[in-house]
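Novice: Just so it is clear, I am handing over model_6.txt, which has compact mmCIF, C-alpha atoms.
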```txt
# COMPACT_ATOMS: atom_id res chain seq x y z
CA MET A 1 290.68 173.43 110.00
CA THR A 2 288.71 174.91 107.13
CA PRO A 3 288.12 178.69 106.90
CA GLY A 4 284.36 178.13 107.37
CA LEU A 5 284.95 176.32 110.66
CA LEU A 6 287.33 179.03 111.87
CA VAL A 7 284.79 181.77 111.08
CA PHE A 8 282.08 179.77 112.81
CA ILE A 9 284.13 179.31 115.99
CA ILE A 10 284.97 183.03 116.19
CA LEU A 11 281.34 184.03 115.58
CA GLY A 12 280.04 181.49 118.08
CA ILE A 13 282.39 182.73 120.80
CA ILE A 14 281.37 186.34 120.11
CA ALA A 15 277.65 185.42 120.17
CA ILE A 16 277.84 183.49 123.44
CA ALA A 17 280.08 186.07 125.11
CA ALA A 18 277.74 188.89 124.06
CA ALA A 19 274.68 187.00 125.36
CA VAL A 20 276.37 186.33 128.72
CA ALA A 21 277.57 189.94 128.93
CA MET A 22 273.99 191.04 128.29
CA LEU A 23 272.87 189.06 131.34
CA VAL A 24 275.57 190.15 133.79
CA SER A 25 275.76 193.81 132.78
CA ARG A 26 274.33 196.10 135.46
CA ASN A 27 273.42 198.85 133.02
CA THR A 28 270.47 198.23 130.71
CA VAL A 29 271.93 200.33 127.89
CA TYR A 30 275.05 198.13 127.82
CA SER A 31 272.78 195.06 127.84
CA ALA A 32 270.96 196.33 124.75
CA LEU A 33 274.23 197.07 122.94
CA PHE A 34 275.62 193.60 123.75
CA LEU A 35 272.42 192.15 122.36
CA VAL A 36 273.00 194.09 119.13
CA LEU A 37 276.48 192.52 118.95
CA ASN A 38 274.90 189.09 119.44
CA PHE A 39 272.41 189.75 116.61
CA LEU A 40 275.16 190.95 114.27
CA SER A 41 277.32 187.86 114.82
CA ILE A 42 274.31 185.59 114.23
CA ALA A 43 273.55 187.56 111.05
CA VAL A 44 277.06 186.86 109.72
CA LEU A 45 276.48 183.20 110.57
CA TYR A 46 273.32 183.25 108.42
CA LEU A 47 275.38 184.80 105.65
CA ILE A 48 277.92 181.96 105.60
CA MET A 49 275.10 179.38 105.80
CA GLY A 50 273.65 180.63 102.53
CA ALA A 51 270.79 182.86 103.71
CA PRO A 52 271.86 186.40 102.75
CA PHE A 53 268.35 187.87 102.62
CA ILE A 54 267.61 186.65 106.16
CA ALA A 55 270.98 187.97 107.32
CA PHE A 56 270.25 191.48 106.09
CA SER A 57 266.67 191.36 107.41
CA GLN A 58 268.14 190.35 110.76
CA ILE A 59 270.42 193.39 110.76
CA ALA A 60 267.66 195.75 109.60
CA VAL A 61 264.77 194.43 111.70
CA TYR A 62 266.40 193.09 114.88
CA ALA A 63 269.60 195.07 115.27
CA GLY A 64 268.01 198.14 113.70
CA ALA A 65 264.31 198.53 114.43
CA ILE A 66 263.65 196.41 117.52
CA MET A 67 266.79 197.30 119.46
CA ILE A 68 266.39 201.02 118.70
CA LEU A 69 262.85 200.75 120.09
CA VAL A 70 264.20 199.06 123.24
CA LEU A 71 266.93 201.67 123.65
CA PHE A 72 264.36 204.41 123.13
CA VAL A 73 262.17 203.02 125.92
CA ILE A 74 265.19 202.65 128.25
CA MET A 75 266.12 206.28 127.65
CA LEU A 76 262.50 207.42 127.94
CA LEU A 77 261.94 205.76 131.30
CA GLY A 78 265.40 206.61 132.62
CA THR A 79 265.93 203.19 134.21
CA HIS A 80 269.48 202.44 133.08
CA HIS A 81 270.77 201.24 136.43
CA LEU A 82 269.46 197.98 137.72
CA ASP A 83 268.48 197.61 141.33
CA PRO A 84 271.40 195.87 143.13
CA LYS A 85 269.22 194.13 145.70
CA GLU A 86 267.96 190.68 144.78
CA PRO A 87 265.21 189.55 147.14
CA LEU A 88 265.38 185.83 146.34
CA LYS A 89 268.95 184.71 147.00
CA TRP A 90 268.46 180.99 146.29
CA HIS A 91 266.99 181.91 142.91
CA ARG A 92 270.27 182.61 141.14
CA PRO A 93 272.34 179.40 141.72
CA LEU A 94 269.26 177.28 141.08
CA ALA A 95 268.58 178.99 137.74
CA ILE A 96 272.23 178.69 136.67
CA VAL A 97 272.42 174.99 137.62
CA LEU A 98 269.15 174.20 135.82
CA GLY A 99 270.25 176.20 132.75
CA ALA A 100 273.56 174.30 132.63
CA ALA A 101 271.64 171.01 132.97
CA LEU A 102 269.45 172.02 130.03
CA VAL A 103 272.54 172.82 127.92
CA VAL A 104 274.11 169.43 128.74
CA GLU A 105 270.86 167.67 127.93
CA GLY A 106 270.47 169.45 124.59
CA ILE A 107 274.07 168.79 123.55
CA TYR A 108 273.72 165.12 124.55
CA VAL A 109 270.62 164.73 122.39
CA LEU A 110 272.40 166.41 119.48
CA ILE A 111 275.43 164.11 119.78
CA THR A 112 273.36 160.95 119.98
CA ARG A 113 271.01 161.99 117.15
CA PHE A 114 273.30 163.60 114.61
CA GLY A 115 276.88 162.65 115.35
CA PRO A 116 279.68 164.69 113.82
CA ALA A 117 279.19 163.31 110.30
CA ALA A 118 276.53 165.57 108.73
CA ALA A 119 278.03 168.80 107.43
CA THR A 120 276.46 172.09 106.43
CA LEU A 121 276.64 173.02 102.80
CA ALA A 122 277.86 176.08 101.02
CA GLY A 123 274.89 178.06 99.75
CA SER A 124 273.90 176.84 96.31
CA GLU A 125 272.83 179.29 93.60
CA GLN A 126 269.19 178.30 93.96
CA MET A 127 269.18 178.73 97.77
CA VAL A 128 270.96 182.08 97.86
CA ASP A 129 268.83 183.85 95.26
CA PRO A 130 266.20 186.04 97.02
CA ARG A 131 263.92 185.60 94.02
CA ASN A 132 263.31 181.95 94.94
CA LEU A 133 262.65 182.98 98.54
CA GLY A 134 260.03 185.44 97.28
CA LEU A 135 258.40 182.76 95.14
CA VAL A 136 258.09 180.39 98.11
CA LEU A 137 256.85 183.23 100.35
CA PHE A 138 254.13 184.44 97.98
CA GLN A 139 253.02 181.09 96.55
CA LYS A 140 253.31 178.38 99.17
CA PHE A 141 252.97 180.66 102.21
CA SER A 142 250.59 183.31 100.86
CA LEU A 143 247.91 182.76 103.54
CA PRO A 144 250.36 182.99 106.50
CA PHE A 145 251.81 186.07 104.82
CA GLU A 146 248.39 187.74 104.84
CA ILE A 147 247.92 186.74 108.48
CA THR A 148 251.18 188.43 109.47
CA SER A 149 249.79 191.69 108.08
CA ILE A 150 246.86 191.35 110.52
CA ILE A 151 249.32 190.64 113.36
CA LEU A 152 251.27 193.80 112.57
CA LEU A 153 248.08 195.87 112.31
CA VAL A 154 246.81 194.59 115.67
CA ALA A 155 250.21 195.22 117.27
CA ALA A 156 250.32 198.79 115.97
CA ILE A 157 246.77 199.52 117.15
CA GLY A 158 247.47 197.82 120.49
CA ALA A 159 250.62 199.86 121.10
CA VAL A 160 248.77 203.10 120.33
CA VAL A 161 245.80 202.20 122.55
CA LEU A 162 248.03 201.11 125.45
CA THR A 163 250.17 204.23 125.55
CA ARG A 164 247.38 206.75 124.88
CA LYS A 165 246.83 209.25 127.67
CA GLU A 166 243.46 208.94 129.38
CA SER A 167 241.56 212.15 128.78
CA LYS A 168 240.34 213.75 132.02
CA GLN A 169 237.06 214.98 130.53
CA GLY A 170 236.00 211.47 129.58
CA GLY A 171 235.76 211.03 125.82
CA ASP A 172 237.15 213.32 123.18
CA MET B 1 282.18 173.85 105.88
CA PHE B 2 281.51 172.76 109.44
CA PRO B 3 279.47 169.89 110.95
CA ILE B 4 275.76 170.64 111.36
CA MET B 5 276.05 169.95 115.10
CA TYR B 6 277.98 173.14 115.75
CA PRO B 7 275.27 175.68 114.87
CA LEU B 8 272.70 173.44 116.57
CA GLY B 9 274.81 173.39 119.73
CA LEU B 10 275.22 177.18 119.53
CA ALA B 11 271.43 177.51 119.28
CA VAL B 12 270.96 175.28 122.36
CA ILE B 13 273.45 177.35 124.37
CA LEU B 14 271.89 180.67 123.31
CA PHE B 15 268.39 179.40 124.14
CA CYS B 16 269.50 178.34 127.62
CA ILE B 17 271.21 181.70 128.21
CA GLY B 18 267.91 183.32 127.24
CA ILE B 19 265.95 181.13 129.67
CA VAL B 20 268.38 181.82 132.54
CA GLY B 21 268.15 185.56 131.87
CA PHE B 22 264.37 185.33 131.74
CA ILE B 23 264.31 183.66 135.17
CA LEU B 24 267.02 185.71 136.86
CA HIS B 25 266.28 189.28 135.96
CA LYS B 26 263.80 191.56 137.69
CA ASN B 27 263.91 194.25 135.03
CA ALA B 28 261.09 193.89 132.51
CA ILE B 29 263.18 195.30 129.63
CA VAL B 30 265.99 192.77 130.21
CA ILE B 31 263.35 190.03 130.28
CA LEU B 32 262.11 191.19 126.86
CA MET B 33 265.70 191.14 125.56
CA SER B 34 266.16 187.58 126.88
CA LEU B 35 263.05 186.66 124.89
CA GLU B 36 264.69 188.08 121.77
CA VAL B 37 267.76 185.88 122.41
CA MET B 38 265.48 182.84 122.54
CA PHE B 39 263.73 183.86 119.31
CA ASN B 40 267.15 184.21 117.75
CA ALA B 41 268.20 180.71 118.82
CA ALA B 42 265.06 179.28 117.22
CA ASN B 43 265.78 181.22 114.02
CA LEU B 44 269.29 179.79 113.96
CA LEU B 45 267.82 176.27 114.08
CA PHE B 46 265.49 177.06 111.18
CA ILE B 47 268.33 178.45 109.04
CA THR B 48 270.60 175.50 109.86
CA PHE B 49 268.03 172.93 108.80
CA SER B 50 267.03 175.01 105.78
CA ASN B 51 270.69 174.77 104.75
CA HIS B 52 270.92 171.09 105.61
CA PHE B 53 267.88 170.00 103.59
CA GLN B 54 268.38 172.68 100.88
CA ASN B 55 264.78 173.79 101.37
CA LEU B 56 263.67 177.42 101.46
CA ASP B 57 260.66 176.87 103.75
CA GLY B 58 262.83 177.37 106.83
CA GLN B 59 263.93 180.81 105.68
CA VAL B 60 260.29 181.83 105.09
CA ILE B 61 259.39 180.72 108.63
CA VAL B 62 262.24 182.87 109.94
CA ILE B 63 260.65 185.89 108.25
CA PHE B 64 257.38 185.12 110.04
CA VAL B 65 259.21 184.74 113.37
CA MET B 66 260.80 188.15 112.82
CA VAL B 67 257.38 189.71 112.18
CA THR B 68 256.02 188.13 115.36
CA ALA B 69 259.05 189.30 117.34
CA ALA B 70 258.59 192.86 116.08
CA ALA B 71 254.90 192.84 117.05
CA GLU B 72 255.75 191.35 120.44
CA ALA B 73 258.43 193.99 121.08
CA ALA B 74 256.05 196.83 120.17
CA VAL B 75 253.22 195.61 122.43
CA GLY B 76 255.58 194.55 125.23
CA LEU B 77 257.35 197.90 125.34
CA ALA B 78 254.00 199.72 125.29
CA LEU B 79 252.95 197.61 128.30
CA ILE B 80 256.24 198.44 130.06
CA VAL B 81 255.72 202.17 129.50
CA GLU B 82 252.19 201.87 130.88
CA LEU B 83 253.42 199.89 133.90
CA PHE B 84 256.06 202.53 134.58
CA ARG B 85 253.35 205.19 134.57
CA ALA B 86 251.25 203.22 137.03
CA LYS B 87 253.96 201.92 139.42
CA LYS B 88 256.95 204.25 138.80
CA SER B 89 259.09 201.12 138.41
CA ILE B 90 259.62 198.36 135.85
CA SER B 91 260.78 195.73 138.32
CA ILE B 92 258.50 192.71 138.08
CA ASP B 93 258.69 192.35 141.87
CA GLU B 94 256.41 195.37 142.11
CA MET B 95 253.67 193.62 140.18
CA HIS B 96 251.90 191.71 142.92
CA SER B 97 248.60 193.58 143.06
CA LEU B 98 246.64 190.40 142.35
CA LYS B 99 248.43 188.41 145.08
CA GLY B 100 245.90 187.11 147.61
```
Please lay out the structure from this file as structure tokens.
Specialist:
Amino acid sequence: MTPGLLVFIILGIIAIAAAVAMLVSRNTVYSALFLVLNFLSIAVLYLIMGAPFIAFSQIAVYAGAIMILVLFVIMLLGTHHLDPKEPLKWHRPLAIVLGAALVVEGIYVLITRFGPAAATLAGSEQMVDPRNLGLVLFQKFSLPFEITSIILLVAAIGAVVLTRKESKQGGD
Amino acid sequence: MFPIMYPLGLAVILFCIGIVGFILHKNAIVILMSLEVMFNAANLLFITFSNHFQNLDGQVIVIFVMVTAAAEAAVGLALIVELFRAKKSISIDEMHSLKG
């Protein structure tokens, strides 16, 4: 067993356990913190697959910005504790059985398509360097990059408009 | 290093956990977090194949997915805050005003 494989197995177990714990936790704050753990383990996985810039963006953007926003909203609304009553009882076993079927199906397709032969590579110098990532981002993908700026602008305006208090006097 | 199947299998499992959480939970915030898990599984696929083909395009797409996820989280949480103001609850069972 190579060290890379060992690290992968540990990280995979942590990621899956954190995702499952996020689902079964009855407190939303714990769910959010388990999700942060999941994001961190996936970020380390990116690091050993030769994508350090993406790994640190994952920690900064997902585990930092997005999850802090989610935690902030949970605290703001004061809805930590989930309602114990579940109106649709048949819902839960059906969803779990169908989810397990989807997992089996996906793994089967992977085994028949790829087999165990193809291996991941250690990050080469050219892949790991963020400078090359920047060149691809600003040359080949310059138009999508500009479009993402519009997406962010629209999202910021939309969030402000949605949460603005309606003024009683009608127009300000 | 490890066979390429392992991270792909991990992505499949995480995506299915996200789908099950999306279906099972009544809390709108947990549903948003399940969506993030699914985004993350897709990102893992992109990084794995970027590594496999030694091509940086996959990593650039992951940056775009992160931007979209951030925008989605901002708008989604604003909607949840607004729903809480209107209904005093963020359970999606309460949202049946349009039911005939």
Novice: Within 7 Å of chain B, which residues belong to chain A? Use all atoms listed in the file and report them as a PyMOL selection string.
Specialist: chain A and resi 2+4-5+12+16+19-20+23+46+49-50+54+66+92+95-96+99+102-103+106-107+110+114+116-122+127+133+137+148+152+155+158-159+162-163
Novice: Write out as a list in words which residues come within 7 Å of Leu37 in chain A when counting only C-alpha atoms, dropping same-chain ones fewer than 4 positions away.
Specialist: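 Surrounding residues, per the criterion: Ala18, Leu33 and Ser41 of chain A.
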Novice: Can you tell me how far CA of Phe138 in chain A sits from CA of Ile68 in chain A, in Å to one decimal?
Specialist: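 Interatomic distance, CA of Phe138 in chain A to CA of Ile68 in chain A: 29.2 Å.
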Novice: Please, what is the axis-aligned box for every listed atom of range 18-23 of chain A with 4 Å on each side, as centre and edge lengths in Å to one decimal, as JSON?
Specialist:
```
{"center_x": 275.3, "center_y": 188.7, "center_z": 127.7, "size_x": 12.9, "size_y": 12.7, "size_z": 15.3}
```
Novice: At what distance in Å, to one decimal, does CA of Leu40 in chain A lie from CA of Pro3 in chain A?
Specialist: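 Computing the Euclidean distance for CA of Pro3 in chain A and CA of Leu40 in chain A yields 19.3 Å.
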Novice: Just to confirm, what's the straight-line distance from CA of Glu105 in chain A to CA of Tyr62 in chain A in Å (one decimal)?
Specialist: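 Separation between CA of Glu105 in chain A and CA of Tyr62 in chain A: 28.9 Å.
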Novice: Hey, which of B:Ala42, B:Ala28, B:Leu35, B:Leu98 ends up closest to Leu77 in chain A? Count all atoms listed in the file.
Specialist: B:Ala28
Novice: Could you list, as a PDB file with C-alpha atoms, in the coordinates of the input, every residue within 8 Å of Leu45 in chain A, counting only C-alpha atoms and ignoring same-chain residues fewer than 3 positions away?
Specialist:
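The new file around_12.pdb reads:
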```pdb
ATOM      1  CA  PHE A   8     282.080 179.770 112.810  1.00  0.00           C
ATOM      2  CA  LEU A  11     281.340 184.030 115.580  1.00  0.00           C
ATOM      3  CA  SER A  41     277.320 187.860 114.820  1.00  0.00           C
ATOM      4  CA  ILE A  42     274.310 185.590 114.230  1.00  0.00           C
ATOM      5  CA  ILE A  48     277.920 181.960 105.600  1.00  0.00           C
ATOM      6  CA  MET A  49     275.100 179.380 105.800  1.00  0.00           C
ATOM      7  CA  ALA A  55     270.980 187.970 107.320  1.00  0.00           C
TER       8      ALA A  55
END
```
Novice: With only C-alpha atoms as the counted atoms, please give the residues lying no more than 9 Å from Phe34 in chain A, apart from itself and same-chain residues fewer than 2 positions off, as a PyMOL selection string.
Specialist: chain A and resi 17-22+29-32+36-39
Novice: Measuring atom to atom with all atoms listed in the file, identify which of A:Trp90, A:Thr28, A:Leu98, A:Arg113 is nearest to Gly78 in chain A.
Specialist: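 Under the stated criterion, the closest residue is A:Thr28.
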